[in-house]
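Working notes, beginning with the structure itself.
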Amino acid sequence: MTEEAIESDWKADWRPVVDAVGQDFSDGETTWGADPVERGAIRRYLEPLEFDCALHTDREAAVRAGFDDVTMPYTGLMSWTLPPMWRPGETLFDSDDRNAQPVRSAINNQDMPIGPRTTGFFGTDIEVEFLRPVVAGERIGRRGRRLVSCAPKETAVGRGAFMTWESDIVTEPGEVVARIRIGTYAYVPKRATGDGEEGE
Amino acid sequence: MTEAAPALDGRRFEDVAVGEALPSVAYPLTVYRLVMAAGANRDFNSIHHNTEYAQRTGAPEMYANTQFLLTAWERCVRDWMGLAGTVRAIRGFRMRSFNVVGDTMHVRAEVKDTRIEDGRGVVEIAIRCENSTGVTVGPGVVEVVLPRREEEDR
C-alpha cells in the first residue's frame with residue numbers, strides 16, 4: 001500500500017464521525033454532576049490554585065454580594081458536571097497493572113458510539129459564555145452534546161481527530177447558567193516522541 | 001444575581017486603562033500539585049498524574065489538566081478585579097503545548113479593550129499561560145463586567 005493510500009485509509013475510518021457533525025449525541029439526556037456544588041468541594045478545588053477569593057470561601061461575603069451562599073468559581077463548570085466515577089454495585093478497578101485504567105471514565109472518548117477506537121485523549125480548547133454564577137447547593141448538568149466539528153489529523157502524538165462539542169450548562173430547574181464549547185483530540189498514540197506538541 | 005453589587009470591594013470600570021498589565025501569577029508545577037488538582041477537579045486522566053502513562057501517549061511528562069489551567073486564568077483576573085466584577089465569557093483558551101511538571105507556568109494578562117455596552121462596563125483582558133518554552137495556552141480573552149462609579153453614585 002502506498003503512503004498516500006495508508007494516509008487516506010486511516011482518515012476514512014473517521015468519515016462516520018465527520019458525517020455526524022451537527023448531531024446531538026446526548027439523546028436528550030442531561031448529564032448531571034455527581035454531587036451538588038458544596039463548600040468543601042469548592043475549598044478543595046481552590047487549594048492547588050491558591051485561589052483566594054471570599055466569594056468562594058466566605059459565606060458572609062457571598063451573602064453581602066447578593067448570593068445565598070458561596071459561589072463556585074465560574075470555570076468549575078466541567079468538574080461539577082462530571083458524573084460519578086463509581087456507583088454502588090459497580091467494579092471500577094479490575095487490574096493490578098501499575099498503569100491500568102479504570103473500567104470506565106467520563107474523561108476519555110469511550111462513550112463515542114461511532115468512529116475508531118482511541119486510547120489517547122485530551123482537551124484542546126474551550127469557549128464559555130457565563131450567564132450567572134453557580135451557588136453552593138445547586139446541582140448542575142450538561143445538557144446536549146452536539147458535535148460541531150470533526151477534523152481528522154495526524155499530530156506529534158498520534159493519529160486521531162480534533163472534535164468540538166457544544167452544550168448548555170443547566171441547573172435542576174432547567175435554567176441555563178452557561179454555554180460551553182469544548183475542543184478535544186482523540187487519538188491512537190504513536191510511540192512516545194517527546195515532542196510534546198499538544199493541539200495544533 | 002448577574003450584576004456586580006455596588007458595595008463590593010474591587011476595581012471600577014473607570015479605573016481601567018487599555019494596555020494595563022494585570023499582576024502575573026506563577027505556578028510551580030510539581031507532581032504534588034497536579035495530584036491535588038486531579039483530586040479536586042476530578043480530571044483523573046492519567047496523563048495528568050502518571051509520567052509513564054503520559055509518555056506512552058506521546059507527552060514528555062505528566063502535565064496540568066484543562067480545569068486547572070482554565071481556573072488559573074480566572075484566578076489571575078479575579079486577583080486583579082476583586083469581588084465586584086463578574087466574568088462574562090472566556091474565548092481563545094487553546095492548548096499550544098504541554099504544561100509539564102518540573103517547570104513553572106506563569107499566567108500573564110493585560111487589558112485589551114474597554115467599552116460601555118448596554119450601560120455596563122465591559123473589559124476584555126488578553127491572557128495566556130507561559131512556561132520556559134513560551135506560550136502554552138492562548139492567547140485568549142476573558143471578558144468581565146465591572147461596576148461603573150457613575151451608576152453607583154445614582
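Labels used: A, B, ... for chains in the order of the C-alpha cells, numbers from 1 for residues in each chain, and numbers from 1 for ligands as shown.
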Could you pull the residues within 12 Å of Thr51 of chain B, counting only C-alpha atoms, minus those fewer than 6 positions along the same chain, as a PyMOL selection string?
(chain A and resi 98-99+192+194) or (chain B and resi 30-31+34-35+45+57-64+100-102)
Need to verify the contact set: segment 118-130 of chain A, 9 Å, only C-alpha atoms, exclusion of same-chain residues closer than 4 positions in sequence. Can you return it as JSON, numbers by chain?
{"A": [74, 75, 107, 108, 109, 110, 157, 158, 160, 162, 164, 177, 178, 179, 180, 181, 182, 183, 184, 185, 186, 187, 188, 189, 198, 199, 200], "B": [45, 47, 57, 58, 65, 66, 70, 87, 88, 89, 90, 91, 92, 93, 94, 95, 96, 137, 138]}
Any chance you can output those residues with C-alpha atoms as a PDB file, in the first residue's frame?
ATOM      1  CA  TYR A  74     -17.049  30.280  37.150  1.00  0.00           C
ATOM      2  CA  THR A  75     -14.619  27.910  35.499  1.00  0.00           C
ATOM      3  CA  ILE A 107     -12.906  11.763  30.741  1.00  0.00           C
ATOM      4  CA  ASN A 108     -11.996   9.981  27.560  1.00  0.00           C
ATOM      5  CA  ASN A 109     -13.636   9.129  24.272  1.00  0.00           C
ATOM      6  CA  GLN A 110     -15.091   5.787  25.458  1.00  0.00           C
ATOM      7  CA  VAL A 157       1.407  12.340  19.483  1.00  0.00           C
ATOM      8  CA  GLY A 158      -0.645  10.178  17.151  1.00  0.00           C
ATOM      9  CA  GLY A 160      -6.883  10.951  15.513  1.00  0.00           C
ATOM     10  CA  PHE A 162      -9.991  17.171  16.641  1.00  0.00           C
ATOM     11  CA  THR A 164     -15.641  20.306  19.034  1.00  0.00           C
ATOM     12  CA  VAL A 177     -26.210  29.195  33.556  1.00  0.00           C
ATOM     13  CA  ALA A 178     -23.548  28.847  30.859  1.00  0.00           C
ATOM     14  CA  ARG A 179     -22.959  27.790  27.293  1.00  0.00           C
ATOM     15  CA  ILE A 180     -19.791  25.898  26.539  1.00  0.00           C
ATOM     16  CA  ARG A 181     -17.816  24.702  23.535  1.00  0.00           C
ATOM     17  CA  ILE A 182     -15.119  22.146  24.237  1.00  0.00           C
ATOM     18  CA  GLY A 183     -12.482  21.013  21.769  1.00  0.00           C
ATOM     19  CA  THR A 184     -10.896  17.592  22.208  1.00  0.00           C
ATOM     20  CA  TYR A 185      -8.312  15.475  20.432  1.00  0.00           C
ATOM     21  CA  ALA A 186      -8.989  11.725  20.498  1.00  0.00           C
ATOM     22  CA  TYR A 187      -6.180   9.652  19.031  1.00  0.00           C
ATOM     23  CA  VAL A 188      -4.256   6.435  18.738  1.00  0.00           C
ATOM     24  CA  PRO A 189      -0.860   7.235  20.266  1.00  0.00           C
ATOM     25  CA  GLU A 198      -0.464  19.365  22.006  1.00  0.00           C
ATOM     26  CA  GLY A 199      -3.214  20.570  19.738  1.00  0.00           C
ATOM     27  CA  GLU A 200      -2.403  22.320  16.530  1.00  0.00           C
TER      28      GLU A 200
ATOM     29  CA  ASN B  45      -7.000  11.197  33.079  1.00  0.00           C
ATOM     30  CA  ILE B  47      -1.791  11.917  31.563  1.00  0.00           C
ATOM     31  CA  THR B  57       0.590   8.902  24.907  1.00  0.00           C
ATOM     32  CA  GLY B  58       3.380  10.991  23.378  1.00  0.00           C
ATOM     33  CA  ASN B  65      -5.135  19.471  33.227  1.00  0.00           C
ATOM     34  CA  THR B  66      -7.592  21.755  31.460  1.00  0.00           C
ATOM     35  CA  LEU B  70      -8.794  27.426  32.947  1.00  0.00           C
ATOM     36  CA  VAL B  87     -16.885  37.078  34.434  1.00  0.00           C
ATOM     37  CA  ARG B  88     -18.955  37.068  31.257  1.00  0.00           C
ATOM     38  CA  ALA B  89     -17.008  34.925  28.810  1.00  0.00           C
ATOM     39  CA  ILE B  90     -13.778  33.147  28.046  1.00  0.00           C
ATOM     40  CA  ARG B  91     -12.619  32.789  24.470  1.00  0.00           C
ATOM     41  CA  GLY B  92      -9.472  31.513  22.800  1.00  0.00           C
ATOM     42  CA  PHE B  93      -8.466  29.139  25.568  1.00  0.00           C
ATOM     43  CA  ARG B  94      -6.365  26.974  23.306  1.00  0.00           C
ATOM     44  CA  MET B  95      -3.698  24.474  24.293  1.00  0.00           C
ATOM     45  CA  ARG B  96      -0.480  25.003  22.397  1.00  0.00           C
ATOM     46  CA  VAL B 137      -2.226  28.229  26.390  1.00  0.00           C
ATOM     47  CA  GLY B 138      -3.913  31.009  24.463  1.00  0.00           C
TER      48      GLY B 138
END
Might you pull out every residue within 12 Å of Trp14 of chain A, with only C-alpha atoms counted and same-chain residues fewer than 2 positions away left off, and present them as a VMD selection string?
chain A and resid 7 to 12 16 to 21 112 114 to 118 149 to 153 159 to 163 186 to 187
Could the residues in this selection be saved with N, CA and C atoms as an mmCIF file, in the first residue's frame?
data_model
loop_
_atom_site.group_PDB
_atom_site.id
_atom_site.type_symbol
_atom_site.label_atom_id
_atom_site.label_comp_id
_atom_site.auth_asym_id
_atom_site.auth_seq_id
_atom_site.Cartn_x
_atom_site.Cartn_y
_atom_site.Cartn_z
ATOM 1 N N GLU A 7 -2.498 6.867 4.263
ATOM 2 C CA GLU A 7 -2.964 8.154 4.805
ATOM 3 C C GLU A 7 -4.473 8.279 4.677
ATOM 4 N N SER A 8 -4.998 7.999 3.465
ATOM 5 C CA SER A 8 -6.433 8.160 3.254
ATOM 6 C C SER A 8 -7.229 7.085 3.990
ATOM 7 N N ASP A 9 -6.588 5.903 4.202
ATOM 8 C CA ASP A 9 -7.259 4.802 4.868
ATOM 9 C C ASP A 9 -7.611 5.150 6.316
ATOM 10 N N TRP A 10 -6.658 5.661 7.072
ATOM 11 C CA TRP A 10 -6.956 5.952 8.481
ATOM 12 C C TRP A 10 -7.925 7.112 8.602
ATOM 13 N N LYS A 11 -7.825 8.051 7.680
ATOM 14 C CA LYS A 11 -8.773 9.175 7.726
ATOM 15 C C LYS A 11 -10.192 8.709 7.379
ATOM 16 N N ALA A 12 -10.271 7.703 6.509
ATOM 17 C CA ALA A 12 -11.594 7.178 6.121
ATOM 18 C C ALA A 12 -12.323 6.579 7.323
ATOM 19 N N PRO A 16 -17.440 8.400 9.356
ATOM 20 C CA PRO A 16 -18.763 8.413 10.029
ATOM 21 C C PRO A 16 -18.894 9.553 11.038
ATOM 22 N N VAL A 17 -17.784 9.892 11.676
ATOM 23 C CA VAL A 17 -17.826 10.971 12.668
ATOM 24 C C VAL A 17 -17.941 12.320 11.951
ATOM 25 N N VAL A 18 -17.166 12.481 10.893
ATOM 26 C CA VAL A 18 -17.254 13.726 10.113
ATOM 27 C C VAL A 18 -18.686 13.912 9.601
ATOM 28 N N ASP A 19 -19.277 12.810 9.157
ATOM 29 C CA ASP A 19 -20.650 12.883 8.633
ATOM 30 C C ASP A 19 -21.678 13.178 9.724
ATOM 31 N N ALA A 20 -21.284 12.935 10.970
ATOM 32 C CA ALA A 20 -22.230 13.143 12.082
ATOM 33 C C ALA A 20 -22.179 14.567 12.643
ATOM 34 N N VAL A 21 -21.371 15.431 12.045
ATOM 35 C CA VAL A 21 -21.309 16.813 12.529
ATOM 36 C C VAL A 21 -22.715 17.419 12.499
ATOM 37 N N MET A 112 -18.085 7.398 22.822
ATOM 38 C CA MET A 112 -18.359 7.781 21.433
ATOM 39 C C MET A 112 -18.829 6.532 20.679
ATOM 40 N N ILE A 114 -19.523 5.949 17.577
ATOM 41 C CA ILE A 114 -19.056 5.728 16.204
ATOM 42 C C ILE A 114 -17.596 6.169 16.073
ATOM 43 N N GLY A 115 -16.978 5.742 14.983
ATOM 44 C CA GLY A 115 -15.601 6.144 14.719
ATOM 45 C C GLY A 115 -14.599 5.171 15.303
ATOM 46 N N PRO A 116 -13.315 5.411 15.051
ATOM 47 C CA PRO A 116 -12.268 4.491 15.501
ATOM 48 C C PRO A 116 -12.133 4.471 17.023
ATOM 49 N N ARG A 117 -11.691 3.348 17.555
ATOM 50 C CA ARG A 117 -11.402 3.272 18.986
ATOM 51 C C ARG A 117 -10.087 4.008 19.240
ATOM 52 N N THR A 118 -10.100 4.868 20.238
ATOM 53 C CA THR A 118 -8.900 5.643 20.554
ATOM 54 C C THR A 118 -8.545 5.441 22.021
ATOM 55 N N SER A 149 -17.780 20.077 15.070
ATOM 56 C CA SER A 149 -16.786 19.863 14.007
ATOM 57 C C SER A 149 -15.990 18.603 14.293
ATOM 58 N N CYS A 150 -15.441 18.034 13.239
ATOM 59 C CA CYS A 150 -14.550 16.873 13.379
ATOM 60 C C CYS A 150 -13.510 16.948 12.267
ATOM 61 N N ALA A 151 -12.255 17.055 12.653
ATOM 62 C CA ALA A 151 -11.171 17.170 11.671
ATOM 63 C C ALA A 151 -10.094 16.129 11.958
ATOM 64 N N PRO A 152 -10.070 15.036 11.185
ATOM 65 C CA PRO A 152 -9.009 14.043 11.372
ATOM 66 C C PRO A 152 -7.646 14.679 11.100
ATOM 67 N N LYS A 153 -6.679 14.377 11.957
ATOM 68 C CA LYS A 153 -5.361 14.962 11.755
ATOM 69 C C LYS A 153 -4.310 14.141 12.486
ATOM 70 N N ARG A 159 -2.413 9.599 15.640
ATOM 71 C CA ARG A 159 -3.419 9.834 14.605
ATOM 72 C C ARG A 159 -4.791 9.852 15.252
ATOM 73 N N GLY A 160 -5.565 10.863 14.925
ATOM 74 C CA GLY A 160 -6.883 10.951 15.513
ATOM 75 C C GLY A 160 -7.676 12.084 14.907
ATOM 76 N N ALA A 161 -8.528 12.675 15.701
ATOM 77 C CA ALA A 161 -9.369 13.750 15.180
ATOM 78 C C ALA A 161 -9.598 14.807 16.249
ATOM 79 N N PHE A 162 -9.583 16.055 15.801
ATOM 80 C CA PHE A 162 -9.991 17.171 16.641
ATOM 81 C C PHE A 162 -11.512 17.294 16.530
ATOM 82 N N MET A 163 -12.174 17.284 17.661
ATOM 83 C CA MET A 163 -13.635 17.402 17.670
ATOM 84 C C MET A 163 -14.053 18.549 18.586
ATOM 85 N N ALA A 186 -8.959 13.155 20.185
ATOM 86 C CA ALA A 186 -8.989 11.725 20.498
ATOM 87 C C ALA A 186 -8.095 11.035 19.479
ATOM 88 N N TYR A 187 -7.190 10.170 19.952
ATOM 89 C CA TYR A 187 -6.180 9.652 19.031
ATOM 90 C C TYR A 187 -5.652 8.290 19.446
#
Enter the distance from atom CA of Asp9 of chain B to atom CA of Gly140 of chain B, in Å, rounded to one decimal.
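Separation of atom CA of Asp9 of chain B and atom CA of Gly140 of chain B: 26.3 Å.
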When you count only C-alpha atoms, which of these residues is closest to chain B: A:Arg146, A:Arg104, A:His56, A:Arg132?
A:Arg132
Selection near Ala100 of chain A, 10 Å with only C-alpha atoms, sequence-local residues under 6 positions removed, as an MDAnalysis selection string:
(chainID A and resid 93:94) or (chainID B and resid 46 53)
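Atom to atom, atom CA of Met85 of chain A and atom CA of Val176 of chain A stand 24.8 Å apart.
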Kindly provide the residues of segment 118-148 of chain B that approach segment 24-29 of chain B to within 12 Å, each paired with its closest atom pair and their distance in Å to one decimal, based on only C-alpha atoms, listed by chain and increasing number, as CSV.
residue,atom,partner,partner_atom,distance
B:Ile127,CA,B:Ser24,CA,9.9
B:Arg128,CA,B:Ser24,CA,10.0
B:Cys129,CA,B:Val25,CA,9.5
B:Glu130,CA,B:Ala26,CA,9.5
B:Asn131,CA,B:Tyr27,CA,9.5
B:Ser132,CA,B:Pro28,CA,11.4
Name the residues in contact with segment 43-53 of chain A at a cut-off of 7 Å, using only C-alpha atoms, excluding same-chain residues fewer than 2 positions from it; report them as an MDAnalysis selection string.
(chainID A and resid 39:41 55:57) or (chainID B and resid 33 36:37 40:41 72 75)
Once you have the residues from the selection above, write them out as an mmCIF file, in the first residue's frame, restricted to C-alpha atoms.
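So selection.cif came out as:
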data_model
loop_
_atom_site.group_PDB
_atom_site.id
_atom_site.type_symbol
_atom_site.label_atom_id
_atom_site.label_comp_id
_atom_site.auth_asym_id
_atom_site.auth_seq_id
_atom_site.Cartn_x
_atom_site.Cartn_y
_atom_site.Cartn_z
ATOM 1 C CA ARG A 39 -18.454 24.413 50.144
ATOM 2 C CA GLY A 40 -15.980 21.642 50.945
ATOM 3 C CA ALA A 41 -15.558 20.713 47.310
ATOM 4 C CA LEU A 55 -16.948 34.847 47.207
ATOM 5 C CA HIS A 56 -15.836 31.202 47.140
ATOM 6 C CA THR A 57 -14.768 30.769 50.766
ATOM 7 C CA ARG B 33 0.326 19.989 42.922
ATOM 8 C CA MET B 36 -4.024 17.719 44.342
ATOM 9 C CA ALA B 37 -5.537 19.321 41.248
ATOM 10 C CA ALA B 40 -10.061 18.338 43.460
ATOM 11 C CA ASN B 41 -11.252 18.916 39.910
ATOM 12 C CA ALA B 72 -5.698 29.715 36.656
ATOM 13 C CA ARG B 75 -7.738 33.500 39.396
#
Write down as a PyMOL selection string the residues belonging to segment 4-153 of chain B that are assigned strand (DSSP E or B) by DSSP computed on the backbone.
chain B and resi 21-29+63+86-95+97+100+103-117+120-131+134-146
Suppose you want the space between atom CA of Arg145 of chain A and atom CA of Gly89 of chain A; what is it in Å?
27.6 Å
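Shortest atom-to-atom contact with Trp32 of chain A among A:Ser95, A:Thr155, A:Val148, A:Pro83: A:Pro83, counting only C-alpha atoms.
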Go through A:Gly137, A:Gly28, A:Pro36, A:Gly66 and flag the residue nearest chain B, using only C-alpha atoms for the distances.
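Closest residue, counting only C-alpha atoms: A:Gly66.
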Output as a ChimeraX atom specification all residues of chain B that backbone DSSP marks as alpha helix (DSSP H).
/B:31-41,51-56,66-81,149-152
